[in-house]
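Asker: Shown below is the structure under consideration.
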Amino acid sequence: MKRLAFAAAALLLALAYLLNLGSSYAPTNGDEMVYLHIARMTAESGHWLPLQSELEHMRNTKPPLLFWQAMAAGSWGWHLWTLRLPYVLETLLTAGLVGWLTLCMRSPRTGGCHEAAGGHKNRWGVGLLAAAFYLGFFATYRYGRPVLSSSIESLFLFGACALGVVTSPAWKAYPARLAAAVGLLMIPALLAKSFVLAAPVGLWLFASLWLMSESKNAAQRLWQSAWPSALAVAIGVAGFALWFAVDPDPAAVWREFVVGENFSTKFSDARSDSVLGFWLSPLVNAGLLFPLLIGLLIAALQGLRSKGLPIARAEKMLWLWVLCWLLVFTLPSQRSARYIIPAMPALAILLAMYAPRIHRVWWLLTLCLMVIAAAGLGWAAHSLDTVFPVGLGYSFVYFVAVGGLLLACAVGILSARFRIPCTAASSVAWLALLGALSAPFDRDRGLGRFDARMTQVVNELKVLVPQNFNAQFERFQFALPHSRPVPYDAAAAASASPAKLVQQAPYAVITRPLRAVKPDEDEGFDIIATRLVLRGRQQPNEVTWERLSDAKALAHLLVEREVLIGTKN
């Protein structure tokens with residue numbers, strides 16, 4: 001019965017990540033539309049290479065595997081749900097890998113011990129807990145579901161780490177086999193993100209081999225650590241170099257990706273975190289679970305000072321994994337919390353294994369944050385519900401789910417027995433409810449989509465669409481399928497007459513405040529269709545306590561209208 005319960009819990013975790021996967025408003029990164037644009041253009045070319053794009057200086061922004069995966073998924077239908085499915089499945093596989101490695105670390109064969117991580121009696125429970133923590137990290141949800149490279153690199157690179165951890169006792173006898181396996185696992189990640197990712201993996205392998213070496217001769221120990229790690233890096237980079245061999249324009253790959261995307265961009269001062277901010281980025285990636293990472297670090301430091309709690313070999317390797325990622329990506333002048341996402345699975349395992357030793361204050365603080373965040377979702381849903389007619393807004397189920405989340409947090413706060421599982425489950429549930437917040441805007445029948453019958457007039461025709469970030473016009477491939485979206489600067493055109501837009505093209509999409517039911521209808525154009533959309537960005541001066549505390553004011557802050565207009569007949 002226990003294993004059946006664990007299987008049911010794992011299924012619920014997976015369903016939480018599949019919920020509302022096809023939403024246009026899913027928590028994501030603006031680069032997703034850039035990658036979708038490149039994937040679509042390349043697919044339409046009829047060739048896998050070279051990569052294609054209508055955007056200047058945005059073609060070879062990532063290696064081809066990232067786009068090939070989207071192209072393959074798009075053959076089943078060019079819909080966001082279909083396109084994103086392989087990426088979320090990779091994230092779920094990574095969560096399974098996290099749980100499996102946690103189970104393995106409970107065995108003395110991998111250098112783990114039952115007492116070193118708090119004395120859990122139920123191995124399956126600890127494995128599920130680690131997977132839940134990983135899926136409860138905000139960065140996992142934000143970057144592990146859309147068409148981005150994070151899910152691919154996390155799966156294969158942490159797979160290399162897991163392989164090293166479970167086979168560490170046999171390293172001395174078969175170092176070449178380990179190096180070859182790690183190098184081969186690196187290849188898909190490098191072909192989806194960058195050859196640079198070989199650096200933290202190689203450094204980790206070197207540090208782990210040095211740590212495990214029993215040689216007292218420094219030169220011999222250096223050699224035993226250096227050559228397997230160098231071999232692994234060489235295999236991984238050689239696999240990445242296949243891109244140059246198969247691309248019809250390798251000079252463009254070198255110029256646009258190697259030089260432009262990696263060296264010129266990563267060593268510039270633009271959009272960079274400070275060194276201190278970067279080293280705190282695991283807290284940013286953890287989202288609402290960040291207090292637990294603070295508690296984890298404190299518990300680990302206390303364990304170092306206690307002679308009765310030795311650190312297991314496998315645990316040392318996980319700490320080294322995190323440290324190597326932080327060290328390598330501190331060197332470029334451009335730093336981002338995204339760069340250490342592949343280190344988060346290790347932190348999820350450590351968090352689960354140290355859970356009984358983390359002081360209760362960190363659990364209570366996390367649960368209190370979740371109460372505030374859950375209440376915020378409920379208030380936002382109530383506010384947004386005011387813009388929809390009865391029956392088209394949020395269902396009763398959504399508010400019941402928010403209430404259930406608040407109840408789970410309350411149980412965790414009041415009961416020490418259920419505190420740990422309630423925290424892990426609540427973190428995933430909150431993310432699922434965050435994604436579901438956009439459900440009324442994504443329904444086929446509702447106010448969040450253009451009327452398909454009305455928009456038939458724009459099929460195969462040029463439509464000017466607003467854009468305030470790179471390739472955001474690509475989203476209209478899903479809102480106005482079969483049209484030809486052409487971007488215009490939304491900020492520059494904000495004060496211009498919409499009639500001037502329809503002089504440049506037969507149709508255009510304009511944005512108007514929620515209050516404007518029929519905007520500018522007598523200015524020389526026809527209104528074809530309208531829809532409600534969630535605003536992606538608000539100006540700092542717009543966000544005030546008065547607006548946040550008033551339901552209708554908050555709704556007008558979060559929602560605007562997109563209006564499809566055409567030349568007046």
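Just remember, in the structure tokens the first chain shown is A, the second B, etc., residues are 1-based per chain, and ligands are 1-based in the order shown.
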Just list the residues in segment 336-374 of chain A DSSP gives alpha helix (DSSP H) on the backbone, as a short mmCIF file (atom, residue, chain, number, x, y, z; two decimals) with C-alpha atoms, in the first residue's frame.

Answerer:
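Saved result, part24.cif, follows:
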```cif
data_model
loop_
_atom_site.label_atom_id
_atom_site.label_comp_id
_atom_site.auth_asym_id
_atom_site.auth_seq_id
_atom_site.Cartn_x
_atom_site.Cartn_y
_atom_site.Cartn_z
CA MET A 344 19.51 22.52 -8.26
CA PRO A 345 18.84 18.73 -8.40
CA ALA A 346 21.78 18.18 -6.03
CA LEU A 347 20.38 20.77 -3.63
CA ALA A 348 16.97 19.05 -3.72
CA ILE A 349 18.60 15.75 -2.68
CA LEU A 350 20.60 17.39 0.09
CA LEU A 351 17.48 19.20 1.27
CA ALA A 352 15.54 15.93 1.53
CA MET A 353 18.34 14.10 3.32
CA TYR A 354 18.97 16.93 5.79
CA ARG A 360 11.84 24.07 12.54
CA VAL A 361 12.03 27.87 12.27
CA TRP A 362 13.02 27.53 8.61
CA TRP A 363 10.08 25.23 7.91
CA LEU A 364 7.67 27.58 9.68
CA LEU A 365 9.04 30.58 7.78
CA THR A 366 8.64 28.73 4.48
CA LEU A 367 5.08 27.71 5.29
CA CYS A 368 4.19 31.27 6.32
CA LEU A 369 5.52 32.53 2.99
CA MET A 370 3.37 29.95 1.25
CA VAL A 371 0.30 31.11 3.16
CA ILE A 372 0.91 34.67 1.95
CA ALA A 373 1.60 33.48 -1.60
CA ALA A 374 -1.51 31.26 -1.66
#
```

Asker: Could you list, as a PyMOL selection string, every residue within 8 Å of Glu560 of chain A, counting only C-alpha atoms and ignoring same-chain residues fewer than 6 positions away?

Answerer: chain A and resi 511-514+532-535

Asker: Excluding same-chain residues fewer than 4 positions from Pro250 of chain A, what lies within 12 Å of it counting only C-alpha atoms, as a ChimeraX atom specification?

Answerer: /A:49-51,60,63,241-246,254-258

Asker: When you draw a straight line from atom CA of Gln69 of chain A to atom CA of Thr94 of chain A, how long is it in Å?

Answerer: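 A separation of 17.0 Å between them.
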
Asker: Please determine, counting only C-alpha atoms, which residue among A:Ala375, A:Cys422, A:Ala132, A:Leu296 has the shortest atom-to-atom distance to Pro356 of chain A.

Answerer: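 Ranked by minimum distance to Pro356 of chain A, first place goes to A:Leu296.
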
Asker: Neighbours of segment 384-386 of chain A within 8 Å (only C-alpha atoms; same-chain residues fewer than 4 positions away dropped), as a CSV table (one decimal) with C-alpha atoms, in the first residue's frame?

Answerer:
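Result file around04.csv:
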```csv
chain,number,residue,atom,x,y,z
A,380,ALA,CA,-5.6,37.8,-7.8
A,393,GLY,CA,-14.2,33.3,-15.2
A,394,TYR,CA,-12.6,31.1,-12.5
A,551,ALA,CA,-10.1,44.1,-6.7
A,552,LYS,CA,-11.2,46.1,-9.7
A,554,LEU,CA,-5.9,45.2,-9.6
A,555,ALA,CA,-7.9,43.7,-12.5
A,558,LEU,CA,-3.2,43.1,-14.8
A,559,VAL,CA,-5.5,42.9,-17.8
```

Asker: Could you tell me how far atom CA of Val284 of chain A sits from atom CA of Ala139 of chain A, in Å to one decimal place?

Answerer: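 One can read the atom CA of Ala139 of chain A to atom CA of Val284 of chain A distance as 7.9 Å.
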
Asker: Would you kindly return, as a VMD selection string, each protein, DNA or RNA residue with an atom no farther than 7 Å from any atom of Leu191 of chain A, considering only C-alpha atoms and excluding same-chain residues fewer than 4 positions away?

Answerer: chain A and resid 63 to 65 187 240

Asker: Store the residues picked out above in a file with N, CA and C atoms, as a PDB file, in the first residue's frame.

Answerer:
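Output below, filename part_32.pdb:
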```pdb
ATOM      1  N   PRO A  63      22.756  25.896 -29.841  1.00  0.00           N
ATOM      2  CA  PRO A  63      23.032  24.748 -30.715  1.00  0.00           C
ATOM      3  C   PRO A  63      21.740  24.109 -31.214  1.00  0.00           C
ATOM      4  N   PRO A  64      21.834  23.289 -32.248  1.00  0.00           N
ATOM      5  CA  PRO A  64      20.615  22.844 -32.951  1.00  0.00           C
ATOM      6  C   PRO A  64      19.716  21.884 -32.201  1.00  0.00           C
ATOM      7  N   LEU A  65      20.226  21.117 -31.223  1.00  0.00           N
ATOM      8  CA  LEU A  65      19.389  20.117 -30.572  1.00  0.00           C
ATOM      9  C   LEU A  65      18.180  20.744 -29.894  1.00  0.00           C
ATOM     10  N   ILE A 187      27.266  15.314 -24.177  1.00  0.00           N
ATOM     11  CA  ILE A 187      27.054  15.724 -25.564  1.00  0.00           C
ATOM     12  C   ILE A 187      25.656  16.307 -25.813  1.00  0.00           C
ATOM     13  N   PHE A 240      30.058  18.158 -29.322  1.00  0.00           N
ATOM     14  CA  PHE A 240      29.526  19.478 -29.667  1.00  0.00           C
ATOM     15  C   PHE A 240      30.049  19.924 -31.032  1.00  0.00           C
TER      16      PHE A 240
END
```

Asker: Mind checking which residues fall within 9 Å of Lys172 of chain A, counting only C-alpha atoms, ignoring those fewer than 4 positions away in the same chain, and posting them as a count of residues only?

Answerer: 5

Asker: With only C-alpha atoms as the counted atoms, please give the residues lying no more than 12 Å from Ala207 of chain A, apart from itself and same-chain residues fewer than 3 positions off, as an mmCIF file with C-alpha atoms, in the first residue's frame.

Answerer:
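Everything below was put into result.cif:
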```
data_model
loop_
_atom_site.group_PDB
_atom_site.id
_atom_site.type_symbol
_atom_site.label_atom_id
_atom_site.label_comp_id
_atom_site.auth_asym_id
_atom_site.auth_seq_id
_atom_site.Cartn_x
_atom_site.Cartn_y
_atom_site.Cartn_z
ATOM 1 C CA GLY A 164 29.576 9.389 -10.857
ATOM 2 C CA PRO A 200 31.854 22.777 -14.489
ATOM 3 C CA VAL A 201 31.373 19.063 -15.193
ATOM 4 C CA GLY A 202 35.086 18.584 -15.878
ATOM 5 C CA LEU A 203 36.041 20.541 -12.775
ATOM 6 C CA TRP A 204 33.638 18.456 -10.663
ATOM 7 C CA TRP A 210 41.121 14.067 -6.246
ATOM 8 C CA LEU A 211 38.906 13.685 -3.191
ATOM 9 C CA MET A 212 38.527 9.923 -3.656
ATOM 10 C CA SER A 213 42.179 9.236 -4.499
ATOM 11 C CA ARG A 221 47.168 12.035 -7.463
ATOM 12 C CA LEU A 222 47.105 14.977 -9.879
ATOM 13 C CA GLN A 224 44.909 10.222 -11.669
ATOM 14 C CA SER A 225 42.455 13.109 -11.342
ATOM 15 C CA ALA A 226 43.383 15.118 -14.435
ATOM 16 C CA PRO A 228 39.917 11.127 -16.792
ATOM 17 C CA SER A 229 38.347 14.568 -16.386
ATOM 18 C CA LYS A 316 30.546 15.358 -0.509
ATOM 19 C CA MET A 317 30.232 14.815 -4.246
ATOM 20 C CA LEU A 318 26.874 16.600 -4.327
ATOM 21 C CA TRP A 319 28.265 19.589 -2.440
ATOM 22 C CA LEU A 320 31.187 19.631 -4.871
ATOM 23 C CA TRP A 321 28.732 19.604 -7.793
ATOM 24 C CA VAL A 322 27.046 22.771 -6.527
ATOM 25 C CA LEU A 323 30.357 24.450 -5.693
ATOM 26 C CA CYS A 324 31.875 23.771 -9.127
#
```

Asker: Extract the full set of strand (DSSP E) residues from segment 262-494 of chain A according to DSSP on the backbone, and format it as a PDB file with N, CA and C atoms, in the first residue's frame.

Answerer:
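result09.pdb written:
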```pdb
ATOM      1  N   LYS A 462      -0.771  39.675 -44.105  1.00  0.00           N
ATOM      2  CA  LYS A 462       0.137  40.391 -43.217  1.00  0.00           C
ATOM      3  C   LYS A 462      -0.668  41.093 -42.125  1.00  0.00           C
ATOM      4  N   VAL A 463      -0.243  40.913 -40.878  1.00  0.00           N
ATOM      5  CA  VAL A 463      -0.892  41.549 -39.727  1.00  0.00           C
ATOM      6  C   VAL A 463       0.188  42.204 -38.875  1.00  0.00           C
ATOM      7  N   LEU A 464       0.090  43.495 -38.665  1.00  0.00           N
ATOM      8  CA  LEU A 464       1.022  44.184 -37.781  1.00  0.00           C
ATOM      9  C   LEU A 464       0.649  43.880 -36.336  1.00  0.00           C
ATOM     10  N   VAL A 465       1.625  43.463 -35.546  1.00  0.00           N
ATOM     11  CA  VAL A 465       1.357  43.077 -34.157  1.00  0.00           C
ATOM     12  C   VAL A 465       2.332  43.788 -33.226  1.00  0.00           C
ATOM     13  N   PRO A 466       1.905  44.120 -32.004  1.00  0.00           N
ATOM     14  CA  PRO A 466       2.773  44.858 -31.078  1.00  0.00           C
ATOM     15  C   PRO A 466       3.872  43.972 -30.505  1.00  0.00           C
ATOM     16  N   GLN A 467       5.022  44.589 -30.259  1.00  0.00           N
ATOM     17  CA  GLN A 467       6.158  43.858 -29.688  1.00  0.00           C
ATOM     18  C   GLN A 467       6.938  44.789 -28.778  1.00  0.00           C
ATOM     19  N   ARG A 484       0.321  36.168 -41.084  1.00  0.00           N
ATOM     20  CA  ARG A 484       1.734  36.516 -41.219  1.00  0.00           C
ATOM     21  C   ARG A 484       2.037  37.706 -40.315  1.00  0.00           C
ATOM     22  N   PRO A 485       2.303  37.443 -39.008  1.00  0.00           N
ATOM     23  CA  PRO A 485       2.549  38.549 -38.074  1.00  0.00           C
ATOM     24  C   PRO A 485       3.843  39.291 -38.406  1.00  0.00           C
ATOM     25  N   VAL A 486       3.761  40.603 -38.395  1.00  0.00           N
ATOM     26  CA  VAL A 486       4.918  41.473 -38.602  1.00  0.00           C
ATOM     27  C   VAL A 486       4.971  42.442 -37.430  1.00  0.00           C
ATOM     28  N   PRO A 487       6.094  42.512 -36.703  1.00  0.00           N
ATOM     29  CA  PRO A 487       6.115  43.306 -35.478  1.00  0.00           C
ATOM     30  C   PRO A 487       6.241  44.811 -35.726  1.00  0.00           C
ATOM     31  N   TYR A 488       5.667  45.554 -34.802  1.00  0.00           N
ATOM     32  CA  TYR A 488       5.942  46.985 -34.722  1.00  0.00           C
ATOM     33  C   TYR A 488       6.225  47.323 -33.268  1.00  0.00           C
ATOM     34  N   ASP A 489       6.948  48.389 -33.046  1.00  0.00           N
ATOM     35  CA  ASP A 489       7.351  48.792 -31.702  1.00  0.00           C
ATOM     36  C   ASP A 489       6.132  49.292 -30.939  1.00  0.00           C
TER      37      ASP A 489
END
```

Asker: Compare A:Ala452, A:Ala198, A:Ala471, A:Ala508 by their minimum atom-to-atom distance to His37 of chain A, counting only C-alpha atoms, and give me the closest one.

Answerer: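 Of all the options, A:Ala471 lies closest to His37 of chain A.
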
Asker: How many Å lie between atom CA of Ser281 of chain A and atom CA of Arg335 of chain A, rounded to one decimal?

Answerer: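 Going from atom CA of Ser281 of chain A over to atom CA of Arg335 of chain A covers 9.7 Å.
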
Asker: Could you check which of A:Gly287, A:Pro146, A:Gly183, A:Gly159 is closest to Leu83 of chain A, using only C-alpha atoms?

Answerer: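 Ranking A:Gly287, A:Pro146, A:Gly183, A:Gly159 by distance to Leu83 of chain A, first place goes to A:Pro146.
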